[in-house]
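upload02.txt follows (compact mmCIF, C-alpha atoms and all ligand atoms):
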# COMPACT_ATOMS: atom_id res chain seq x y z
CA MET G 256 -0.47 -0.95 -0.31
CA ILE G 257 0.67 -4.17 1.40
CA LYS G 258 0.78 -2.25 4.68
CA ASP G 259 -2.81 -1.04 4.24
CA THR G 260 -3.98 -4.57 3.52
CA LEU G 261 -2.04 -5.87 6.52
CA MET G 262 -3.70 -3.31 8.80
CA GLN G 263 -7.16 -4.06 7.44
CA ALA G 264 -6.57 -7.81 7.76
CA ILE G 265 -5.32 -7.67 11.33
CA GLU G 266 -8.24 -5.48 12.36
CA ALA G 267 -10.73 -7.78 10.67
CA GLY G 268 -9.29 -10.76 12.56
CA ALA G 269 -9.18 -8.90 15.88
CA LYS G 270 -12.83 -7.88 15.46
CA GLU G 271 -13.76 -11.55 15.53
CA LEU G 272 -11.73 -12.06 18.73
CA THR G 273 -13.61 -9.27 20.50
CA ARG G 274 -16.94 -10.47 19.10
CA TYR G 275 -16.52 -13.98 20.54
CA PHE G 276 -14.49 -13.22 23.69
CA ASN G 277 -16.24 -14.38 26.88
CA GLY G 278 -19.28 -15.36 24.86
CA SER G 279 -20.27 -18.84 23.83
CA PHE G 280 -18.31 -20.56 21.08
CA THR G 281 -17.44 -24.11 20.13
CA ILE G 282 -14.06 -25.48 21.18
CA THR G 283 -12.51 -28.60 19.66
CA SER G 284 -9.22 -30.41 20.23
CA LYS G 285 -6.66 -30.90 17.48
CA ALA G 286 -3.59 -33.19 17.79
CA THR G 287 -3.79 -33.43 21.58
CA ILE G 288 -6.54 -32.84 24.13
CA ASN G 289 -5.25 -29.35 25.07
CA ASP G 290 -4.34 -28.26 21.56
CA LEU G 291 -7.52 -26.29 21.00
CA VAL G 292 -9.22 -24.53 18.16
CA THR G 293 -12.29 -22.38 18.72
CA GLU G 294 -15.01 -21.03 16.49
CA ALA G 295 -13.27 -17.65 16.87
CA ASP G 296 -10.00 -18.99 15.38
CA HIS G 297 -11.91 -20.01 12.26
CA ALA G 298 -13.90 -16.76 12.14
CA SER G 299 -10.74 -14.67 12.51
CA GLU G 300 -8.99 -16.66 9.80
CA LYS G 301 -11.94 -16.28 7.43
CA ALA G 302 -12.12 -12.52 7.98
CA ILE G 303 -8.37 -12.16 7.39
CA PHE G 304 -8.48 -14.28 4.23
CA LYS G 305 -11.31 -12.16 2.83
CA VAL G 306 -9.33 -8.94 3.18
CA ILE G 307 -6.16 -10.39 1.64
CA GLN G 308 -7.80 -12.40 -1.12
CA ASP G 309 -10.07 -9.52 -2.19
CA GLN G 310 -7.02 -7.33 -2.71
CA PHE G 311 -4.36 -9.87 -3.66
CA PRO G 312 -6.05 -13.02 -4.98
CA ASP G 313 -2.75 -14.38 -6.33
CA HIS G 314 -0.69 -14.14 -3.11
CA PHE G 315 0.51 -17.23 -1.23
CA ILE G 316 -1.13 -17.74 2.18
CA LEU G 317 0.09 -19.92 5.05
CA SER G 318 -2.29 -19.96 7.99
CA GLU G 319 -2.52 -22.15 11.08
CA GLU G 320 -6.03 -23.56 10.72
CA THR G 321 -6.12 -23.94 6.92
CA GLY G 322 -2.46 -24.65 6.16
CA ALA G 323 -0.89 -23.51 2.90
CA ILE G 324 -2.80 -22.00 0.00
CA PRO G 325 0.07 -22.12 -2.49
CA GLN G 326 0.38 -19.63 -5.32
CA ALA G 327 3.31 -18.75 -7.59
CA SER G 328 3.78 -15.40 -5.85
CA ALA G 329 6.79 -13.63 -4.36
CA ILE G 330 4.57 -12.57 -1.44
CA LYS G 331 3.50 -14.96 1.30
CA TRP G 332 1.16 -14.02 4.16
CA ILE G 333 1.86 -16.02 7.33
CA ILE G 334 -1.13 -15.91 9.65
CA ASP G 335 -1.96 -16.95 13.19
CA PRO G 336 -5.67 -16.07 13.52
CA ILE G 337 -5.44 -16.32 17.33
CA ASP G 338 -2.11 -16.74 19.06
CA GLY G 339 -2.88 -17.72 22.63
CA THR G 340 -5.97 -19.80 21.93
CA ILE G 341 -5.92 -21.45 25.37
CA ASN G 342 -5.94 -18.01 26.97
CA PHE G 343 -8.75 -16.93 24.66
CA ALA G 344 -10.81 -20.04 25.42
CA ASN G 345 -10.44 -19.36 29.15
CA GLY G 346 -11.33 -15.68 28.97
CA ILE G 347 -7.73 -14.56 29.58
CA PRO G 348 -7.14 -11.42 27.50
CA ILE G 349 -3.55 -12.27 26.59
CA CYS G 350 -3.99 -13.27 23.00
CA CYS G 351 -3.65 -11.66 19.60
CA VAL G 352 -3.77 -11.88 15.85
CA SER G 353 -0.37 -12.22 14.18
CA ILE G 354 0.40 -11.69 10.51
CA GLY G 355 3.82 -11.68 8.86
CA VAL G 356 4.49 -10.81 5.22
CA GLU G 357 7.35 -12.50 3.45
CA GLU G 358 8.76 -11.46 0.08
CA ASN G 359 10.98 -13.96 -1.75
CA GLY G 360 11.67 -15.72 1.55
CA VAL G 361 12.51 -12.55 3.51
CA MET G 362 10.13 -11.25 6.20
CA ILE G 363 9.42 -7.67 5.19
CA MET G 364 6.54 -6.69 7.48
CA GLY G 365 4.74 -7.93 10.54
CA ALA G 366 1.84 -6.93 12.74
CA VAL G 367 0.61 -8.33 16.05
CA TYR G 368 -2.58 -6.98 17.59
CA ASN G 369 -4.01 -7.66 21.04
CA PRO G 370 -7.41 -5.92 20.93
CA PHE G 371 -8.03 -6.51 24.64
CA MET G 372 -5.11 -4.30 25.61
CA ASN G 373 -5.50 -2.14 22.53
CA GLU G 374 -1.89 -2.84 21.55
CA LEU G 375 -0.88 -2.97 17.92
CA PHE G 376 2.75 -3.86 17.27
CA PHE G 377 4.13 -3.30 13.79
CA ALA G 378 7.46 -3.49 12.00
CA GLU G 379 8.69 -3.00 8.49
CA ARG G 380 12.17 -4.25 7.58
CA GLY G 381 14.69 -1.41 7.90
CA LYS G 382 12.15 1.04 9.32
CA GLY G 383 11.99 0.13 13.02
CA ALA G 384 9.21 -1.22 15.20
CA THR G 385 6.23 0.56 16.74
CA LEU G 386 3.55 0.05 19.38
CA ASN G 387 0.39 1.98 18.50
CA GLY G 388 2.49 4.12 16.15
CA LYS G 389 5.23 4.99 18.68
CA LYS G 390 8.78 3.65 18.26
CA ILE G 391 9.76 0.85 20.61
CA ALA G 392 13.17 -0.47 21.60
CA VAL G 393 14.48 -3.49 23.46
CA SER G 394 15.78 -3.19 27.03
CA ASP G 395 19.43 -2.58 27.81
CA LYS G 396 20.06 -5.04 30.63
CA ASP G 397 23.27 -6.95 30.08
CA ASP G 398 23.26 -9.51 32.90
CA LEU G 399 21.18 -12.67 32.48
CA LEU G 400 21.03 -13.08 36.26
CA ARG G 401 19.15 -9.79 36.54
CA SER G 402 16.93 -10.34 33.54
CA CYS G 403 13.22 -10.95 33.27
CA LEU G 404 12.54 -13.69 30.73
CA VAL G 405 9.54 -15.31 29.11
CA THR G 406 9.06 -18.72 27.57
CA GLY G 407 6.38 -21.14 26.44
CA PHE G 408 6.00 -24.90 26.50
CA PRO G 409 4.87 -27.05 23.59
CA TYR G 410 1.57 -28.93 23.86
CA GLN G 411 3.39 -32.12 22.95
CA TYR G 412 6.29 -32.09 25.33
CA LEU G 413 9.55 -33.44 23.93
CA ASP G 414 11.60 -34.85 26.77
CA THR G 415 14.96 -34.09 25.23
CA GLU G 416 18.28 -33.09 26.75
CA ASN G 417 18.27 -29.30 27.21
CA GLY G 418 14.56 -29.39 26.47
CA PRO G 419 11.97 -26.91 27.79
CA LEU G 420 11.81 -28.26 31.33
CA GLN G 421 15.57 -28.57 31.83
CA ILE G 422 16.26 -25.03 30.71
CA PHE G 423 13.37 -23.67 32.75
CA GLU G 424 14.67 -25.50 35.82
CA LYS G 425 18.19 -24.12 35.39
CA LEU G 426 16.85 -20.58 35.18
CA ILE G 427 14.46 -20.75 38.10
CA ARG G 428 17.07 -22.47 40.29
CA LYS G 429 19.09 -19.27 39.77
CA ALA G 430 15.98 -17.29 40.82
CA ILE G 431 15.72 -15.69 37.39
CA PRO G 432 12.11 -14.69 36.79
CA VAL G 433 10.72 -16.59 33.81
CA ARG G 434 7.16 -15.70 32.83
CA ARG G 435 4.82 -17.77 30.68
CA LEU G 436 2.19 -15.66 28.91
CA GLY G 437 0.79 -18.32 26.56
CA SER G 438 1.25 -16.36 23.33
CA ALA G 439 4.57 -16.57 21.54
CA ALA G 440 3.70 -13.61 19.31
CA LEU G 441 3.10 -11.42 22.38
CA ASP G 442 6.20 -12.83 24.11
CA LEU G 443 8.19 -11.54 21.15
CA CYS G 444 6.44 -8.16 21.03
CA TRP G 445 6.83 -7.63 24.77
CA THR G 446 10.53 -8.39 24.35
CA ALA G 447 10.66 -5.85 21.51
CA ALA G 448 9.01 -3.29 23.80
CA GLY G 449 11.60 -3.89 26.56
CA ARG G 450 9.15 -5.49 29.02
CA PHE G 451 11.11 -8.72 28.82
CA ASP G 452 14.86 -8.97 28.28
CA GLY G 453 14.60 -12.25 26.44
CA PHE G 454 12.34 -15.01 25.15
CA TYR G 455 13.12 -18.59 24.17
CA GLU G 456 11.00 -21.48 23.06
CA HIS G 457 11.77 -24.95 21.71
CA LYS G 458 8.92 -25.79 19.38
CA LEU G 459 7.18 -23.04 17.45
CA GLN G 460 5.49 -23.00 14.07
CA ALA G 461 6.15 -20.34 11.41
CA TRP G 462 2.87 -18.51 12.16
CA ASP G 463 3.76 -18.12 15.86
CA SER G 464 6.91 -16.11 15.20
CA ALA G 465 6.72 -14.72 11.63
CA ALA G 466 5.63 -11.22 12.62
CA GLY G 467 7.13 -11.15 16.12
CA PHE G 468 10.70 -11.99 15.20
CA LEU G 469 10.87 -9.10 12.73
CA ILE G 470 9.36 -6.80 15.39
CA VAL G 471 12.14 -7.81 17.84
CA GLU G 472 14.88 -7.30 15.23
CA GLU G 473 13.49 -3.93 14.20
CA ALA G 474 13.33 -2.88 17.87
CA GLY G 475 17.09 -3.47 18.03
CA GLY G 476 17.02 -7.02 19.43
CA LYS G 477 18.66 -10.22 18.30
CA VAL G 478 16.89 -13.39 17.15
CA THR G 479 18.54 -16.75 16.45
CA ASP G 480 17.68 -20.42 16.52
CA LEU G 481 18.72 -22.53 19.51
CA LYS G 482 22.18 -23.11 18.01
CA GLY G 483 22.82 -19.40 17.59
CA ASP G 484 22.41 -19.44 13.81
CA ALA G 485 20.41 -16.89 11.81
CA TYR G 486 16.72 -17.25 12.60
CA ASN G 487 14.45 -19.07 10.21
CA PRO G 488 10.75 -19.33 11.23
CA TYR G 489 10.36 -22.70 9.47
CA GLN G 490 12.39 -24.51 12.13
CA PRO G 491 11.17 -24.90 15.74
CA GLY G 492 13.60 -23.20 18.15
CA ILE G 493 13.95 -19.50 18.94
CA ILE G 494 15.96 -17.22 21.19
CA ALA G 495 14.99 -13.56 20.97
CA THR G 496 16.66 -11.05 23.27
CA ASN G 497 17.72 -7.46 23.70
CA GLY G 498 21.06 -8.57 22.16
CA LYS G 499 23.05 -7.88 25.32
CA ILE G 500 22.08 -11.09 27.14
CA HIS G 501 21.87 -13.19 23.97
CA ASP G 502 25.14 -15.08 24.29
CA GLN G 503 24.54 -15.84 27.98
CA LEU G 504 21.05 -17.23 27.32
CA LEU G 505 22.25 -19.10 24.24
CA ALA G 506 25.08 -20.75 26.19
CA LEU G 507 22.59 -21.91 28.81
CA VAL G 508 20.14 -23.26 26.24
CA LYS G 509 23.02 -25.13 24.60
CA GLY G 510 23.73 -26.93 27.88
CA GLY G 511 25.99 -24.57 29.80
CA ASN G 512 25.49 -23.24 33.30
CA ILE G 513 25.23 -19.75 34.65
C1 LIG N 601 0.73 -21.31 20.94
C2 LIG N 601 1.21 -20.13 21.73
C3 LIG N 601 2.03 -20.58 22.91
C4 LIG N 601 3.18 -21.45 22.48
C5 LIG N 601 2.69 -22.62 21.66
C6 LIG N 601 1.88 -22.14 20.47
P1 LIG N 601 -1.63 -21.08 19.67
O1 LIG N 601 -0.01 -20.88 19.80
O2 LIG N 601 1.99 -19.27 20.94
O3 LIG N 601 2.58 -19.49 23.61
O4 LIG N 601 3.83 -21.93 23.64
O5 LIG N 601 3.82 -23.35 21.20
O6 LIG N 601 1.40 -23.24 19.73
O7 LIG N 601 -1.89 -22.54 19.62
O8 LIG N 601 -2.25 -20.42 20.82
O9 LIG N 601 -1.87 -20.40 18.36
CA CA N 602 0.23 -19.73 17.71
CA CA N 603 -3.32 -20.08 16.74

Rewritten as structure tokens:
Amino acid sequence: MIKDTLMQAIEAGAKELTRYFNGSFTITSKATINDLVTEADHASEKAIFKVIQDQFPDHFILSEETGAIPQASAIKWIIDPIDGTINFANGIPICCVSIGVEENGVMIMGAVYNPFMNELFFAERGKGATLNGKKIAVSDKDDLLRSCLVTGFPYQYLDTENGPLQIFEKLIRKAIPVRRLGSAALDLCWTAAGRFDGFYEHKLQAWDSAAGFLIVEEAGGKVTDLKGDAYNPYQPGIIATNGKIHDQLLALVKGGNI
């Protein structure tokens, strides 16, 4: 039942992305000039809320543009109505809807859908991860120096030791390819599908990673925070890998060298 609602909700949101994409829509800035929200983000969120609230009016919702709609429920829906808004606003089809479902604080299900590539990623705890219904698995590369990585940079850059720029510099000075797609949810799913060997980012919000981190774990990967502790989406840092390069990437992010 939850899975059906999740699928209906993610499709309803994605329909709004395709409806607005490359058309005309309003764009406004949030905390900083390049932290954007478009009419499509709001439309997607509204469509998703309708599906969930019609079927489960007493469930807790946490969504990027509205914030928390608290309810005394074991189930919490964690929603990013468009992940990759800057891409969306520029007509770059690397963006998606991301919805994670948490039960008593444990992520039990997640879906990420990029309608422009017709790619629907899904995972249910203990049951594996799929792309358009077919099982996916992480890559098996075990050498960081031969890996293909992906990262993202926060809109408000924090100039800290071992921050985003320092780590990026260390990697590219070793000629390790580090891509930057602009959608953390897709970064995670593409890692789950073995396209990337690892992903790291310093400053995410729960809705960026809620679905994607479960999808990586269920595809056989490993996800931790930047200290190497068990991953919790309510803190900012993430390292998600195929498992085999995890310790090497973690050591680097913690300040080591390759
Ligand atoms: C952003 C994307 C981006 C990441 C940012 C996020 P948004 O989400 O996931 O890849 O680097 O930290 O805020 O704003 O497009 O939903
Ligand atoms: Ca996001
Ligand atoms: Ca968003």

Among listed residues G:Thr446, G:Gln490, G:Ser438, G:Asn342, nearest ligand CA 602 (chain N) (using all atoms listed in the file): G:Ser438

Protein and nucleic residues near ligand CA 603 (chain N), 8 Å, only C-alpha atoms and all ligand atoms, as a list of chain:residue names: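 Counting only what the definition allows, namely only C-alpha atoms and all ligand atoms, the set is G:Val292, G:Asp296, G:Glu319, G:Glu320, G:Asp335, G:Pro336, G:Ile337, G:Asp338, G:Gly339, G:Thr340, G:Trp462, G:Asp463.
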
Extract, using only C-alpha atoms, all DNA, RNA and protein residues at most 12 Å from Pro491 of chain G, discarding same-chain residues fewer than 6 positions from it, and format them as an mmCIF file with C-alpha atoms, keeping the file's coordinate frame.
data_model
loop_
_atom_site.group_PDB
_atom_site.id
_atom_site.type_symbol
_atom_site.label_atom_id
_atom_site.label_comp_id
_atom_site.auth_asym_id
_atom_site.auth_seq_id
_atom_site.Cartn_x
_atom_site.Cartn_y
_atom_site.Cartn_z
ATOM 1 C CA PHE G 408 6.000 -24.900 26.500
ATOM 2 C CA PRO G 409 4.870 -27.050 23.590
ATOM 3 C CA LEU G 413 9.550 -33.440 23.930
ATOM 4 C CA TYR G 455 13.120 -18.590 24.170
ATOM 5 C CA GLU G 456 11.000 -21.480 23.060
ATOM 6 C CA HIS G 457 11.770 -24.950 21.710
ATOM 7 C CA LYS G 458 8.920 -25.790 19.380
ATOM 8 C CA LEU G 459 7.180 -23.040 17.450
ATOM 9 C CA GLN G 460 5.490 -23.000 14.070
ATOM 10 C CA ALA G 461 6.150 -20.340 11.410
ATOM 11 C CA TRP G 462 2.870 -18.510 12.160
ATOM 12 C CA ASP G 463 3.760 -18.120 15.860
ATOM 13 C CA SER G 464 6.910 -16.110 15.200
ATOM 14 C CA ALA G 465 6.720 -14.720 11.630
ATOM 15 C CA THR G 479 18.540 -16.750 16.450
ATOM 16 C CA ASP G 480 17.680 -20.420 16.520
ATOM 17 C CA LEU G 481 18.720 -22.530 19.510
ATOM 18 C CA LYS G 482 22.180 -23.110 18.010
#

Interatomic distance, atom CA of Ser299 of chain G to atom CA of Glu271 of chain G (Å, one decimal):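 About the pair atom CA of Ser299 of chain G and atom CA of Glu271 of chain G: they are 5.3 Å apart.
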
Selection: 10 Å around Asn373 of chain G, all atoms listed in the file, excl. self and same-chain fewer than 5 positions, as an MDAnalysis selection string: chainID G and resid 368 386:387

Residues near segment 415-425 of chain G, cut-off 10 Å, only C-alpha atoms, skip fewer than 6 positions along chain, as number ranges by chain: G: 405-409, 431-433, 455-458, 504, 507-513

Atomic separation - atom CA of Lys258 of chain G relative to atom CA of Ile303 of chain G, Å: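 Separation between atom CA of Ile303 of chain G and atom CA of Lys258 of chain G: 13.8 Å.
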
Distance in Å - atom CA of Gly492 of chain G versus atom CA of Ile333 of chain G: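 Atom CA of Ile333 of chain G lies 17.5 Å from atom CA of Gly492 of chain G.
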
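Using all atoms listed in the file, the protein and nucleic acid residues lying no more than 7 Å from Ala474 of chain G, apart from those fewer than 6 places from it along its own chain, are G:Gly383, G:Ala384, G:Ile391, G:Ala392, G:Val393, G:Ala447.
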
Proximity to ligand CA 602 (chain N) - best of G:Asn359, G:Ser318, G:Thr287, G:Thr496, all atoms listed in the file: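 Using all atoms listed in the file, the shortest distance to ligand CA 602 (chain N) belongs to G:Ser318.
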
Residue nearest Ile334 of chain G - candidates G:Gly381, G:Phe280, G:Gly268, G:Leu291, atoms counted: all atoms listed in the file: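 Comparing G:Gly381, G:Phe280, G:Gly268, G:Leu291 against Ile334 of chain G, the winner is G:Gly268.
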
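Using all atoms listed in the file, the nearest neighbour of ligand LIG 601 (chain N) within the list G:Trp445, G:Phe371, G:Phe451, G:Tyr410 is G:Tyr410.
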
Determine, counting only C-alpha atoms, which protein, DNA and RNA residues have an atom within 8 Å of an atom of Asp290 of chain G; residues of the same chain fewer than 5 positions away are not included. Present the result as an mmCIF file with C-alpha atoms, in the frame of the given file.
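Once everything was written out, this is out_34.cif:
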data_model
loop_
_atom_site.group_PDB
_atom_site.id
_atom_site.type_symbol
_atom_site.label_atom_id
_atom_site.label_comp_id
_atom_site.auth_asym_id
_atom_site.auth_seq_id
_atom_site.Cartn_x
_atom_site.Cartn_y
_atom_site.Cartn_z
ATOM 1 C CA SER G 284 -9.220 -30.410 20.230
ATOM 2 C CA LYS G 285 -6.660 -30.900 17.480
ATOM 3 C CA ILE G 341 -5.920 -21.450 25.370
ATOM 4 C CA TYR G 410 1.570 -28.930 23.860
#

Selected residue, from G:Leu426, G:Met256, G:Leu261, G:Ala323, that lies nearest to Gly355 of chain G when counting only C-alpha atoms: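 When distances to Gly355 of chain G are compared using only C-alpha atoms, the smallest one comes from G:Leu261.
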
Any chance you could work out the axis-aligned box around ligand LIG 601 (chain N), listed atoms only, 6 Å on each side, giving centre and edge lengths in Å to one decimal, as AutoDock Vina command-line options?
--center_x 0.8 --center_y -21.3 --center_z 21.0 --size_x 18.1 --size_y 16.1 --size_z 17.3

Protein, DNA and RNA residues within 6 Å of (12.9, -8.6, 33.7), all atoms listed in the file, as a ChimeraX atom specification: /G:402-404,451-452

Residues within 6 Å of (22.9, -16.0, 33.7), file coords, all atoms listed in the file, listed as a ChimeraX atom specification: /G:399-400,503,513

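Among the candidates G:Pro312, G:Pro488, G:Gly437, G:Gly388, the residue lying nearest to ligand LIG 601 (chain N) is G:Gly437 (atoms considered: all atoms listed in the file).
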